[in-house]
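Novice: Quick one: the structure is below, questions incoming.
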There are 2 protein chains.
Amino acid sequence: MATMADVARMAGVSTATVSHVLNGTRPVRARTRELVLSAVAATHYTPNTVARSLATARTTTMGLVLSAISNPYFGELLSAAETAAAAAGYTLLLVDPHEDPDYELTVVTRLHNHRVDGMVLAPSAHPDAALAYLDRHEVPTVLLDRLIDPERDQVGTENREATAALTGHLADHGHTRIALITGLDGLATTVERRDGHRDALVARGLRVDPELEVSGSSATATAEAAVRQLLALDDPPTAIVAGNNSMAIGMLKALREAGLAVPGDVAVAAFDDFPWADLFSPRLTVVAQPFGEIATTAVHLLLARIADPDAPPTTRRIVPELRIRDSCGCSPGG
Amino acid sequence: MATMADVARMAGVSTATVSHVLNGTRPVRARTRELVLSAVAATHYTPNTVARSLATARTTTMGLVLSAISNPYFGELLSAAETAAAAAGYTLLLVDPHEDPDYELTVVTRLHNHRVDGMVLAPSAHPDAALAYLDRHEVPTVLLDRLIDPERDQVGTENREATAALTGHLADHGHTRIALITGLDGLATTVERRDGHRDALVARGLRVDPELEVSGSSATATAEAAVRQLLALDDPPTAIVAGNNSMAIGMLKALREAGLAVPGDVAVAAFDDFPWADLFSPRLTVVAQPFGEIATTAVHLLLARIADPDAPPTTRRIVPELRIRDSCGCSPGG
DNA sequence: CCGTGACGTGCAAGCGCTTGCGCCCGACGA
DNA sequence: TCGTCGGGCGCAAGCGCTTGCACGTCACGG
């Protein structure tokens, strides 16, 4: 494989000159440049980024640490991140910590060994070890989705107002007993979405009934059970909001099993959209997180952090979009 | 940032010894090893893979070249690939050529500049330039999904028999006029699926009616139009097979718009499963490609190729699974 | 005719590892 | 006592780039 020295020899110049014409880092006489470029072509020379990185201490790569299992939008997030990174000349190293804090540390370490210039991290439930590692080694990092600490760069969804919009919309349809299936305890998103739900109720003078707030643990099966429990109430809800995608599925299953029509018997709405939501029956009214924008923002934040390690930290909240379809009772389709 | 030299100094040994204890590449006295390891801990030393790669000419990374747009299973493929790569100690570099042959060459080049040890490539429609580049630079490569050439390592789905199973299943329900919505002309998968469809008809003594083979161009909108055209026929089909996921959506839309019940008025089946297929109404009967297995196989093939560049090429066809649900008329749900 | 810039290049010292060679030393057999 | 052998390590030469420093050369003004 041709090296810069081969090119230099063939062009009759020094490797320094080859380097400079390739990188445009110092003026070179037109004639010399031509000589170099044709030597490059003749030798099929391809620059070796590895050697370059060793010399410059920069790799033009960034890491993305993201658990596929815990994120149904994995692909969307990734694709947008890759595009944003590529636009800046960066290549993405992907690792999946499988939502395991120990392994999270392992993969973060591996990424750092590869000397990525920075990383975008969707933290696990207990990211302390990984974060400590990143801090110690001063790796530029931006947190994704689960916001942790205003002292860090991070980007996530505006959960509270978005959930309020969902619940509010249902209330505006005349529902007074609106249930919420909440996510995993301890997650910031769970708290924020619950608060948003309550905000909407309070704003409309409706009672916040603890009975109507059930935990779905962010999982389909748990949510299904939670809805069954809701339906068994003396005074069951007439509308239900699901706190995320997986729990919406559980909700729908329980409803179908109970033979309840949506939105006829029970109106529903959910956090997170489905890629094929238009084909569902009923068509679900949802709040759709703009994952592409989230990922893009994260990459840009990281780029900024790499460029200026001393800038103050940034937290960015992306506002999701309310997509009103049938399941809320808006158009009596379904 | 601590280097191997720092560790060596602190431990009172040479960098060679540090290297050997870290890599286990030559016997070291227990006492010396301890000295080194505690120096490693004390300095928070982390190996620099970049330098290592320069010295060894191996990076323990592999590239994955995959267009998100053209693959609804992007996430699934990726996740499985990452897991398989990680299991072998490799890190995945992800690039998205956006289905553009020129850009495909660009990203392949970028990956090679990073000196990935090999790459898994889901080729674009015109991958010649990229493939030529890979050949010239002798980059170990395995092709994914779109099989091209038995002289290369490649893995894809067994399309023909699988489509035959789909059409055959419909025929076994008594349908005699079974339409097929085919994908983009020129793709190997399109041809294979069409042939499978015909195989099934022929095997059952049914007529292969060219009128019933319409092109959906692998896209939702085109498929929708194609189905409308099918329904306008004098003797319209009583069953339809969609050649892929996107076209199935178009098919379903056209059917709904026409007010036709599935499977009551028209029975349908499709290539490719939907993640939430159970929630559709009707529940779609499909052939599901095992993307995880495909990606895992691709990574393993690549690993083998890296290990032995001179082994004969391997083509692997993964057999997809027929998932019979309601849309074919099996259980009169819908 | 000489000093002075500006311009165009080359030199060579790293960047942080790996690894072939070879040295030292203690044990052992003759 | 000496030669030999094997176990443990160190030396130092790279791997393929980048880049600070310095050296011509040439044009120009004094």
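Each chain in the structure tokens gets a letter, A, B, ..., in the order shown, and its residues are numbered from 1; ligands are numbered from 1 in order too.
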Using only C-alpha atoms (C1' of nucleotides), find the residues of chain D whose closest atom to chain A is at most 9 Å away, then write them as a count of residues only.
Specialist: 5
Novice: Could you give me, as JSON, numbers by chain, the residues within 10 Å of DG8 of chain D, counting only C-alpha atoms (C1' of nucleotides) and dropping anything in the same chain fewer than 3 positions from it?
Specialist: {"B": [17, 26, 27, 28, 29, 32], "C": [24, 25]}
Novice: Keeping only C-alpha atoms (C1' of nucleotides), take the residues you just selected and write them out as a PDB file, in the first residue's frame.
Specialist:
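Now in again_23.pdb:
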ATOM      1  CA  THR B  17       7.593  -5.132  29.187  1.00  0.00           C
ATOM      2  CA  ARG B  26       5.409 -12.949  26.312  1.00  0.00           C
ATOM      3  CA  PRO B  27       5.984 -14.372  29.763  1.00  0.00           C
ATOM      4  CA  VAL B  28       6.690 -11.865  32.485  1.00  0.00           C
ATOM      5  CA  ARG B  29       7.706 -12.581  36.054  1.00  0.00           C
ATOM      6  CA  THR B  32       7.117  -7.508  37.422  1.00  0.00           C
TER       7      THR B  32
ATOM      8  C1'  DC C  24      22.347 -10.776  31.327  1.00  0.00           C
ATOM      9  C1'  DC C  25      22.097 -13.973  34.882  1.00  0.00           C
TER      10       DC C  25
END
Novice: Would you write out chain A as an mmCIF file with C-alpha atoms, in the first residue's frame, after superposing it on chain B by least squares over all in-order Cα pairs?
Specialist:
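Everything below was put into selection.cif:
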data_model
loop_
_atom_site.group_PDB
_atom_site.id
_atom_site.type_symbol
_atom_site.label_atom_id
_atom_site.label_comp_id
_atom_site.auth_asym_id
_atom_site.auth_seq_id
_atom_site.Cartn_x
_atom_site.Cartn_y
_atom_site.Cartn_z
ATOM 1 C CA MET A 1 -2.683 11.525 29.442
ATOM 2 C CA ALA A 2 -0.508 8.717 30.652
ATOM 3 C CA THR A 3 1.417 6.780 28.050
ATOM 4 C CA MET A 4 3.077 3.420 28.147
ATOM 5 C CA ALA A 5 6.383 5.145 28.812
ATOM 6 C CA ASP A 6 4.948 6.700 31.970
ATOM 7 C CA VAL A 7 3.843 3.311 33.180
ATOM 8 C CA ALA A 8 7.187 1.754 32.332
ATOM 9 C CA ARG A 9 9.052 4.449 34.198
ATOM 10 C CA MET A 10 6.907 4.141 37.279
ATOM 11 C CA ALA A 11 7.170 0.354 37.259
ATOM 12 C CA GLY A 12 10.886 0.464 36.606
ATOM 13 C CA VAL A 13 10.672 -1.671 33.483
ATOM 14 C CA SER A 14 10.850 -1.120 29.747
ATOM 15 C CA THR A 15 7.884 -0.277 27.569
ATOM 16 C CA ALA A 16 8.352 -3.650 25.951
ATOM 17 C CA THR A 17 7.533 -5.341 29.210
ATOM 18 C CA VAL A 18 4.524 -3.137 29.788
ATOM 19 C CA SER A 19 3.279 -3.995 26.339
ATOM 20 C CA HIS A 20 3.766 -7.674 26.943
ATOM 21 C CA VAL A 21 1.986 -7.795 30.248
ATOM 22 C CA LEU A 22 -0.900 -5.807 28.837
ATOM 23 C CA ASN A 23 -1.220 -8.054 25.829
ATOM 24 C CA GLY A 24 -0.069 -11.320 27.339
ATOM 25 C CA THR A 25 2.291 -11.707 24.419
ATOM 26 C CA ARG A 26 5.216 -13.119 26.321
ATOM 27 C CA PRO A 27 5.773 -14.578 29.755
ATOM 28 C CA VAL A 28 6.510 -12.076 32.485
ATOM 29 C CA ARG A 29 7.508 -12.804 36.045
ATOM 30 C CA ALA A 30 4.554 -12.503 38.426
ATOM 31 C CA ARG A 31 6.269 -9.837 40.488
ATOM 32 C CA THR A 32 7.021 -7.749 37.423
ATOM 33 C CA ARG A 33 3.490 -8.075 36.214
ATOM 34 C CA GLU A 34 2.174 -6.770 39.497
ATOM 35 C CA LEU A 35 4.507 -3.826 39.357
ATOM 36 C CA VAL A 36 3.265 -2.981 35.902
ATOM 37 C CA LEU A 37 -0.382 -3.427 36.732
ATOM 38 C CA SER A 38 -0.235 -1.214 39.745
ATOM 39 C CA ALA A 39 1.581 1.423 37.760
ATOM 40 C CA VAL A 40 -1.202 1.184 35.207
ATOM 41 C CA ALA A 41 -3.768 1.735 37.926
ATOM 42 C CA ALA A 42 -1.835 4.557 39.516
ATOM 43 C CA THR A 43 -1.428 6.464 36.280
ATOM 44 C CA HIS A 44 -4.933 5.751 34.996
ATOM 45 C CA TYR A 45 -3.213 4.578 31.900
ATOM 46 C CA THR A 46 -5.454 3.732 28.977
ATOM 47 C CA PRO A 47 -3.964 2.041 25.941
ATOM 48 C CA ASN A 48 -3.970 4.103 22.805
ATOM 49 C CA THR A 49 -5.471 1.957 20.095
ATOM 50 C CA VAL A 50 -4.480 4.464 17.475
ATOM 51 C CA ALA A 51 -0.787 3.985 18.160
ATOM 52 C CA ARG A 52 -1.294 0.273 18.456
ATOM 53 C CA SER A 53 -3.007 0.198 15.091
ATOM 54 C CA LEU A 54 -0.222 2.099 13.467
ATOM 55 C CA ALA A 55 2.293 -0.386 14.723
ATOM 56 C CA THR A 56 0.298 -3.508 13.955
ATOM 57 C CA ALA A 57 -1.523 -2.406 10.816
ATOM 58 C CA ARG A 58 -4.771 -3.637 12.318
ATOM 59 C CA THR A 59 -7.478 -1.511 13.874
ATOM 60 C CA THR A 60 -10.009 -4.000 15.268
ATOM 61 C CA THR A 61 -12.710 -1.957 13.654
ATOM 62 C CA MET A 62 -15.033 -2.808 10.829
ATOM 63 C CA GLY A 63 -17.159 -0.609 8.644
ATOM 64 C CA LEU A 64 -20.858 -0.950 8.022
ATOM 65 C CA VAL A 65 -22.133 0.774 4.917
ATOM 66 C CA LEU A 66 -25.886 0.876 4.997
ATOM 67 C CA SER A 67 -28.521 3.273 3.687
ATOM 68 C CA ALA A 68 -31.143 4.065 6.271
ATOM 69 C CA ILE A 69 -33.667 5.289 3.734
ATOM 70 C CA SER A 70 -33.720 2.109 1.748
ATOM 71 C CA ASN A 71 -33.935 -0.166 4.709
ATOM 72 C CA PRO A 72 -36.793 -0.022 7.209
ATOM 73 C CA TYR A 73 -34.900 -2.581 9.228
ATOM 74 C CA PHE A 74 -31.833 -0.421 9.509
ATOM 75 C CA GLY A 75 -31.974 -0.465 13.288
ATOM 76 C CA GLU A 76 -32.411 -4.185 13.595
ATOM 77 C CA LEU A 77 -29.608 -4.877 11.161
ATOM 78 C CA LEU A 78 -27.323 -2.462 12.887
ATOM 79 C CA SER A 79 -27.963 -3.602 16.365
ATOM 80 C CA ALA A 80 -27.256 -7.209 15.489
ATOM 81 C CA ALA A 81 -24.135 -6.259 13.571
ATOM 82 C CA GLU A 82 -22.825 -4.219 16.464
ATOM 83 C CA THR A 83 -23.432 -7.036 18.892
ATOM 84 C CA ALA A 84 -21.684 -9.579 16.701
ATOM 85 C CA ALA A 85 -18.769 -7.258 16.080
ATOM 86 C CA ALA A 86 -18.403 -6.379 19.741
ATOM 87 C CA ALA A 87 -18.419 -10.049 20.683
ATOM 88 C CA ALA A 88 -15.327 -10.435 18.539
ATOM 89 C CA GLY A 89 -13.704 -7.373 20.046
ATOM 90 C CA TYR A 90 -14.412 -5.191 17.056
ATOM 91 C CA THR A 91 -15.907 -1.741 16.998
ATOM 92 C CA LEU A 92 -18.299 -0.730 14.270
ATOM 93 C CA LEU A 93 -17.844 2.351 12.120
ATOM 94 C CA LEU A 94 -21.162 3.292 10.628
ATOM 95 C CA VAL A 95 -21.636 5.225 7.422
ATOM 96 C CA ASP A 96 -24.741 5.919 5.407
ATOM 97 C CA PRO A 97 -24.241 6.325 1.657
ATOM 98 C CA HIS A 98 -27.832 7.513 1.307
ATOM 99 C CA GLU A 99 -28.301 5.149 -1.591
ATOM 100 C CA ASP A 100 -26.093 7.378 -3.741
ATOM 101 C CA PRO A 101 -23.340 5.600 -5.705
ATOM 102 C CA ASP A 102 -21.031 8.621 -5.723
ATOM 103 C CA TYR A 103 -21.365 9.179 -2.048
ATOM 104 C CA GLU A 104 -21.047 5.460 -1.532
ATOM 105 C CA LEU A 105 -17.552 5.670 -2.964
ATOM 106 C CA THR A 106 -16.827 8.624 -0.714
ATOM 107 C CA VAL A 107 -17.826 6.868 2.466
ATOM 108 C CA VAL A 108 -16.115 3.641 1.490
ATOM 109 C CA THR A 109 -12.971 5.669 0.958
ATOM 110 C CA ARG A 110 -13.368 7.384 4.282
ATOM 111 C CA LEU A 111 -13.726 4.047 5.978
ATOM 112 C CA HIS A 112 -10.639 2.764 4.255
ATOM 113 C CA ASN A 113 -8.715 5.850 5.268
ATOM 114 C CA HIS A 114 -9.580 4.922 8.799
ATOM 115 C CA ARG A 115 -8.119 1.541 7.899
ATOM 116 C CA VAL A 116 -11.023 -0.567 9.037
ATOM 117 C CA ASP A 117 -10.032 -4.209 8.936
ATOM 118 C CA GLY A 118 -12.953 -4.931 6.662
ATOM 119 C CA MET A 119 -16.428 -3.814 5.779
ATOM 120 C CA VAL A 120 -19.977 -5.041 5.442
ATOM 121 C CA LEU A 121 -21.608 -3.318 2.525
ATOM 122 C CA ALA A 122 -25.234 -3.158 1.489
ATOM 123 C CA PRO A 123 -24.478 -2.084 -2.061
ATOM 124 C CA SER A 124 -26.298 0.754 -3.785
ATOM 125 C CA ALA A 125 -27.951 0.294 -7.149
ATOM 126 C CA HIS A 126 -24.642 1.010 -8.892
ATOM 127 C CA PRO A 127 -21.911 -0.100 -6.580
ATOM 128 C CA ASP A 128 -19.267 -0.611 -9.262
ATOM 129 C CA ALA A 129 -17.008 2.262 -8.274
ATOM 130 C CA ALA A 130 -17.109 1.351 -4.624
ATOM 131 C CA LEU A 131 -16.478 -2.305 -5.334
ATOM 132 C CA ALA A 132 -13.607 -1.510 -7.660
ATOM 133 C CA TYR A 133 -12.073 0.627 -4.958
ATOM 134 C CA LEU A 134 -12.416 -2.139 -2.413
ATOM 135 C CA ASP A 135 -10.872 -4.630 -4.792
ATOM 136 C CA ARG A 136 -7.975 -2.410 -5.637
ATOM 137 C CA HIS A 137 -7.161 -1.854 -2.024
ATOM 138 C CA GLU A 138 -7.864 -5.443 -1.083
ATOM 139 C CA VAL A 139 -10.271 -4.534 1.644
ATOM 140 C CA PRO A 140 -12.024 -7.599 3.047
ATOM 141 C CA THR A 141 -15.686 -7.079 2.230
ATOM 142 C CA VAL A 142 -18.969 -8.874 2.551
ATOM 143 C CA LEU A 143 -22.061 -7.849 0.677
ATOM 144 C CA LEU A 144 -25.380 -7.593 2.415
ATOM 145 C CA ASP A 145 -28.869 -8.059 1.084
ATOM 146 C CA ARG A 146 -28.354 -7.382 -2.584
ATOM 147 C CA LEU A 147 -26.323 -10.258 -3.830
ATOM 148 C CA ILE A 148 -24.211 -9.511 -6.776
ATOM 149 C CA ASP A 149 -21.596 -12.004 -7.552
ATOM 150 C CA PRO A 150 -20.802 -15.516 -6.358
ATOM 151 C CA GLU A 151 -17.140 -14.562 -6.454
ATOM 152 C CA ARG A 152 -17.701 -12.400 -3.396
ATOM 153 C CA ASP A 153 -18.657 -13.026 0.186
ATOM 154 C CA GLN A 154 -22.285 -12.158 0.551
ATOM 155 C CA VAL A 155 -25.344 -12.857 2.600
ATOM 156 C CA GLY A 156 -28.976 -12.321 1.816
ATOM 157 C CA THR A 157 -32.416 -13.771 2.108
ATOM 158 C CA GLU A 158 -33.714 -16.832 0.353
ATOM 159 C CA ASN A 159 -36.310 -14.942 -1.666
ATOM 160 C CA ARG A 160 -37.607 -17.378 -4.204
ATOM 161 C CA GLU A 161 -38.879 -20.204 -2.039
ATOM 162 C CA ALA A 162 -40.133 -17.777 0.570
ATOM 163 C CA THR A 163 -42.284 -15.930 -1.938
ATOM 164 C CA ALA A 164 -43.479 -19.223 -3.292
ATOM 165 C CA ALA A 165 -44.597 -20.133 0.201
ATOM 166 C CA LEU A 166 -46.573 -16.901 0.448
ATOM 167 C CA THR A 167 -48.306 -17.312 -2.897
ATOM 168 C CA GLY A 168 -48.757 -21.013 -2.314
ATOM 169 C CA HIS A 169 -50.435 -20.395 0.988
ATOM 170 C CA LEU A 170 -52.910 -18.068 -0.668
ATOM 171 C CA ALA A 171 -53.528 -20.610 -3.418
ATOM 172 C CA ASP A 172 -54.163 -23.257 -0.830
ATOM 173 C CA HIS A 173 -56.980 -21.100 0.424
ATOM 174 C CA GLY A 174 -58.602 -21.582 -2.959
ATOM 175 C CA HIS A 175 -57.504 -18.396 -4.652
ATOM 176 C CA THR A 176 -56.748 -18.759 -8.337
ATOM 177 C CA ARG A 177 -56.162 -15.173 -9.307
ATOM 178 C CA ILE A 178 -53.279 -14.082 -7.139
ATOM 179 C CA ALA A 179 -51.551 -10.825 -7.971
ATOM 180 C CA LEU A 180 -47.985 -9.827 -7.176
ATOM 181 C CA ILE A 181 -46.666 -6.350 -6.608
ATOM 182 C CA THR A 182 -43.051 -6.493 -7.630
ATOM 183 C CA GLY A 183 -40.148 -4.309 -6.520
ATOM 184 C CA LEU A 184 -37.711 -2.118 -8.384
ATOM 185 C CA ASP A 185 -36.708 -3.536 -11.730
ATOM 186 C CA GLY A 186 -33.146 -4.696 -11.879
ATOM 187 C CA LEU A 187 -32.794 -5.679 -8.281
ATOM 188 C CA ALA A 188 -31.910 -9.324 -7.854
ATOM 189 C CA THR A 189 -34.460 -9.588 -5.069
ATOM 190 C CA THR A 190 -37.230 -8.419 -7.368
ATOM 191 C CA VAL A 191 -36.484 -11.110 -9.902
ATOM 192 C CA GLU A 192 -36.162 -13.810 -7.292
ATOM 193 C CA ARG A 193 -39.433 -12.945 -5.631
ATOM 194 C CA ARG A 194 -41.244 -12.844 -8.954
ATOM 195 C CA ASP A 195 -39.842 -16.227 -9.869
ATOM 196 C CA GLY A 196 -40.931 -17.652 -6.539
ATOM 197 C CA HIS A 197 -44.428 -16.333 -7.098
ATOM 198 C CA ARG A 198 -44.568 -17.989 -10.496
ATOM 199 C CA ASP A 199 -43.123 -21.212 -9.135
ATOM 200 C CA ALA A 200 -45.993 -21.497 -6.690
ATOM 201 C CA LEU A 201 -48.600 -20.862 -9.361
ATOM 202 C CA VAL A 202 -47.085 -23.345 -11.763
ATOM 203 C CA ALA A 203 -46.696 -25.957 -9.062
ATOM 204 C CA ARG A 204 -50.424 -25.788 -8.475
ATOM 205 C CA GLY A 205 -51.363 -25.732 -12.122
ATOM 206 C CA LEU A 206 -52.507 -22.115 -12.014
ATOM 207 C CA ARG A 207 -52.115 -19.759 -14.923
ATOM 208 C CA VAL A 208 -49.390 -17.143 -14.759
ATOM 209 C CA ASP A 209 -51.261 -14.034 -15.840
ATOM 210 C CA PRO A 210 -48.943 -11.142 -16.755
ATOM 211 C CA GLU A 211 -51.809 -8.799 -16.003
ATOM 212 C CA LEU A 212 -51.544 -9.774 -12.369
ATOM 213 C CA GLU A 213 -47.878 -8.921 -12.048
ATOM 214 C CA VAL A 214 -47.606 -5.199 -11.472
ATOM 215 C CA SER A 215 -44.600 -3.155 -10.491
ATOM 216 C CA GLY A 216 -44.666 -1.259 -7.253
ATOM 217 C CA SER A 217 -41.084 -0.028 -7.657
ATOM 218 C CA SER A 218 -40.427 -0.948 -4.036
ATOM 219 C CA ALA A 219 -42.289 2.190 -3.014
ATOM 220 C CA THR A 220 -45.503 2.893 -1.164
ATOM 221 C CA ALA A 221 -47.066 5.357 -3.573
ATOM 222 C CA THR A 222 -46.321 3.314 -6.662
ATOM 223 C CA ALA A 223 -47.696 0.199 -5.047
ATOM 224 C CA GLU A 224 -50.856 2.029 -4.104
ATOM 225 C CA ALA A 225 -51.374 3.031 -7.721
ATOM 226 C CA ALA A 226 -50.567 -0.466 -8.881
ATOM 227 C CA VAL A 227 -53.227 -1.951 -6.662
ATOM 228 C CA ARG A 228 -55.799 0.528 -7.903
ATOM 229 C CA GLN A 229 -54.959 -0.591 -11.386
ATOM 230 C CA LEU A 230 -55.326 -4.219 -10.316
ATOM 231 C CA LEU A 231 -58.745 -3.571 -8.858
ATOM 232 C CA ALA A 232 -59.909 -1.932 -12.059
ATOM 233 C CA LEU A 233 -59.310 -5.096 -14.014
ATOM 234 C CA ASP A 234 -62.251 -6.910 -15.623
ATOM 235 C CA ASP A 235 -61.404 -9.944 -13.621
ATOM 236 C CA PRO A 236 -59.590 -8.552 -10.577
ATOM 237 C CA PRO A 237 -57.442 -10.700 -8.309
ATOM 238 C CA THR A 238 -58.945 -12.167 -5.158
ATOM 239 C CA ALA A 239 -55.577 -12.228 -3.441
ATOM 240 C CA ILE A 240 -52.493 -10.018 -3.571
ATOM 241 C CA VAL A 241 -48.911 -10.517 -2.508
ATOM 242 C CA ALA A 242 -46.779 -7.438 -1.823
ATOM 243 C CA GLY A 243 -43.082 -7.739 -2.586
ATOM 244 C CA ASN A 244 -41.885 -5.781 0.412
ATOM 245 C CA ASN A 245 -42.811 -3.768 3.426
ATOM 246 C CA SER A 246 -43.291 -0.373 1.797
ATOM 247 C CA MET A 247 -45.398 -1.799 -0.973
ATOM 248 C CA ALA A 248 -47.565 -3.631 1.554
ATOM 249 C CA ILE A 249 -48.428 -0.275 3.055
ATOM 250 C CA GLY A 250 -49.402 1.082 -0.343
ATOM 251 C CA MET A 251 -51.473 -2.006 -0.973
ATOM 252 C CA LEU A 252 -53.307 -1.650 2.309
ATOM 253 C CA LYS A 253 -54.029 1.990 1.639
ATOM 254 C CA ALA A 254 -55.491 1.298 -1.792
ATOM 255 C CA LEU A 255 -57.607 -1.489 -0.396
ATOM 256 C CA ARG A 256 -58.959 0.624 2.412
ATOM 257 C CA GLU A 257 -59.688 3.457 0.036
ATOM 258 C CA ALA A 258 -61.613 1.073 -2.235
ATOM 259 C CA GLY A 259 -63.635 -0.014 0.758
ATOM 260 C CA LEU A 260 -62.510 -3.607 0.371
ATOM 261 C CA ALA A 261 -62.334 -5.835 3.429
ATOM 262 C CA VAL A 262 -59.275 -7.929 4.144
ATOM 263 C CA PRO A 263 -59.370 -10.879 3.970
ATOM 264 C CA GLY A 264 -63.124 -10.891 3.218
ATOM 265 C CA ASP A 265 -62.975 -9.263 -0.185
ATOM 266 C CA VAL A 266 -59.306 -9.609 -0.927
ATOM 267 C CA ALA A 267 -56.787 -11.796 0.851
ATOM 268 C CA VAL A 268 -53.297 -10.377 1.193
ATOM 269 C CA ALA A 269 -49.841 -11.404 2.235
ATOM 270 C CA ALA A 270 -46.523 -9.630 2.104
ATOM 271 C CA PHE A 271 -42.786 -9.955 2.120
ATOM 272 C CA ASP A 272 -41.310 -8.371 5.271
ATOM 273 C CA ASP A 273 -42.839 -8.198 8.681
ATOM 274 C CA PHE A 274 -43.882 -5.122 10.630
ATOM 275 C CA PRO A 275 -42.604 -4.595 14.138
ATOM 276 C CA TRP A 276 -46.134 -3.967 15.378
ATOM 277 C CA ALA A 277 -47.899 -6.283 12.968
ATOM 278 C CA ASP A 278 -50.008 -7.719 15.749
ATOM 279 C CA LEU A 279 -51.715 -4.411 16.201
ATOM 280 C CA PHE A 280 -52.706 -3.957 12.621
ATOM 281 C CA SER A 281 -56.122 -4.799 11.575
ATOM 282 C CA PRO A 282 -56.055 -7.033 9.711
ATOM 283 C CA ARG A 283 -53.050 -8.777 11.116
ATOM 284 C CA LEU A 284 -50.814 -9.299 8.136
ATOM 285 C CA THR A 285 -49.579 -12.694 7.016
ATOM 286 C CA VAL A 286 -45.978 -12.232 6.031
ATOM 287 C CA VAL A 287 -42.632 -13.718 5.369
ATOM 288 C CA ALA A 288 -40.268 -12.232 7.922
ATOM 289 C CA GLN A 289 -36.637 -11.775 7.039
ATOM 290 C CA PRO A 290 -34.443 -12.560 10.018
ATOM 291 C CA PHE A 291 -32.430 -9.386 9.862
ATOM 292 C CA GLY A 292 -30.601 -10.102 13.031
ATOM 293 C CA GLU A 293 -29.354 -13.382 11.694
ATOM 294 C CA ILE A 294 -28.468 -11.813 8.386
ATOM 295 C CA ALA A 295 -26.364 -9.134 10.008
ATOM 296 C CA THR A 296 -24.734 -11.552 12.386
ATOM 297 C CA THR A 297 -23.885 -13.866 9.541
ATOM 298 C CA ALA A 298 -22.414 -11.002 7.572
ATOM 299 C CA VAL A 299 -20.170 -10.021 10.448
ATOM 300 C CA HIS A 300 -19.024 -13.589 10.928
ATOM 301 C CA LEU A 301 -18.305 -13.974 7.259
ATOM 302 C CA LEU A 302 -16.263 -10.800 7.407
ATOM 303 C CA LEU A 303 -14.348 -11.977 10.436
ATOM 304 C CA ALA A 304 -13.537 -15.190 8.593
ATOM 305 C CA ARG A 305 -12.442 -13.257 5.549
ATOM 306 C CA ILE A 306 -10.182 -11.038 7.628
ATOM 307 C CA ALA A 307 -8.669 -14.110 9.227
ATOM 308 C CA ASP A 308 -8.085 -15.798 5.897
ATOM 309 C CA PRO A 309 -8.014 -13.485 2.891
ATOM 310 C CA ASP A 310 -7.446 -16.383 0.532
ATOM 311 C CA ALA A 311 -10.339 -18.624 1.463
ATOM 312 C CA PRO A 312 -12.902 -19.262 -1.266
ATOM 313 C CA PRO A 313 -15.867 -16.874 -1.312
ATOM 314 C CA THR A 314 -19.059 -17.739 0.515
ATOM 315 C CA THR A 315 -22.642 -16.930 -0.340
ATOM 316 C CA ARG A 316 -25.124 -17.429 2.422
ATOM 317 C CA ARG A 317 -28.876 -17.451 1.960
ATOM 318 C CA ILE A 318 -30.881 -17.060 5.126
ATOM 319 C CA VAL A 319 -34.291 -18.683 5.040
ATOM 320 C CA PRO A 320 -37.024 -16.365 6.259
ATOM 321 C CA GLU A 321 -39.956 -17.384 8.377
ATOM 322 C CA LEU A 322 -43.544 -17.593 7.192
ATOM 323 C CA ARG A 323 -45.784 -15.939 9.748
ATOM 324 C CA ILE A 324 -49.378 -16.825 9.135
ATOM 325 C CA ARG A 325 -51.836 -14.398 10.653
ATOM 326 C CA ASP A 326 -55.262 -13.167 9.555
ATOM 327 C CA SER A 327 -54.900 -11.291 6.314
ATOM 328 C CA CYS A 328 -54.680 -14.477 4.264
ATOM 329 C CA GLY A 329 -58.016 -15.675 5.548
ATOM 330 C CA CYS A 330 -56.659 -18.288 7.863
ATOM 331 C CA SER A 331 -58.522 -17.212 10.961
ATOM 332 C CA PRO A 332 -61.554 -15.122 10.084
ATOM 333 C CA GLY A 333 -60.511 -12.341 12.391
ATOM 334 C CA GLY A 334 -59.681 -8.983 10.851
#
Novice: Which one is closest to DT9 of chain C: D:DA13, D:DG7, D:DT25, D:DT1? Count only C-alpha atoms (C1' of nucleotides).
Specialist: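 Between D:DA13, D:DG7, D:DT25, D:DT1, the residue approaching DT9 of chain C most closely is D:DT25.
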Novice: Nearest to chain A: which of C:DA30, C:DC7, C:DC2, C:DC23 is it, counting only C-alpha atoms (C1' of nucleotides)?
Specialist: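 The answer is C:DC7, which sits nearest to chain A.
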Novice: Need to verify the contact set: DC21 of chain C, 12 Å, only C-alpha atoms (C1' of nucleotides), exclusion of same-chain residues closer than 3 positions in sequence. Can you return it as a list in words?
Specialist: DG10, DC11, DA12 and DA13 of chain D
Novice: Can you list every residue of chain C that has an atom at most 9 Å from chain B, with its nearest atom pair and the distance in Å to one decimal, using only C-alpha atoms (C1' of nucleotides), ordered by chain then number, as a Markdown table?
Specialist:
| residue | atom | partner | partner_atom | distance |
| --- | --- | --- | --- | --- |
| C:DC15 | C1' | B:Ala51 | CA | 7.9 |
| C:DG16 | C1' | B:Ala51 | CA | 5.0 |
| C:DC17 | C1' | B:Arg52 | CA | 4.7 |
| C:DT18 | C1' | B:Ala55 | CA | 5.7 |
| C:DT19 | C1' | B:Ala16 | CA | 8.3 |
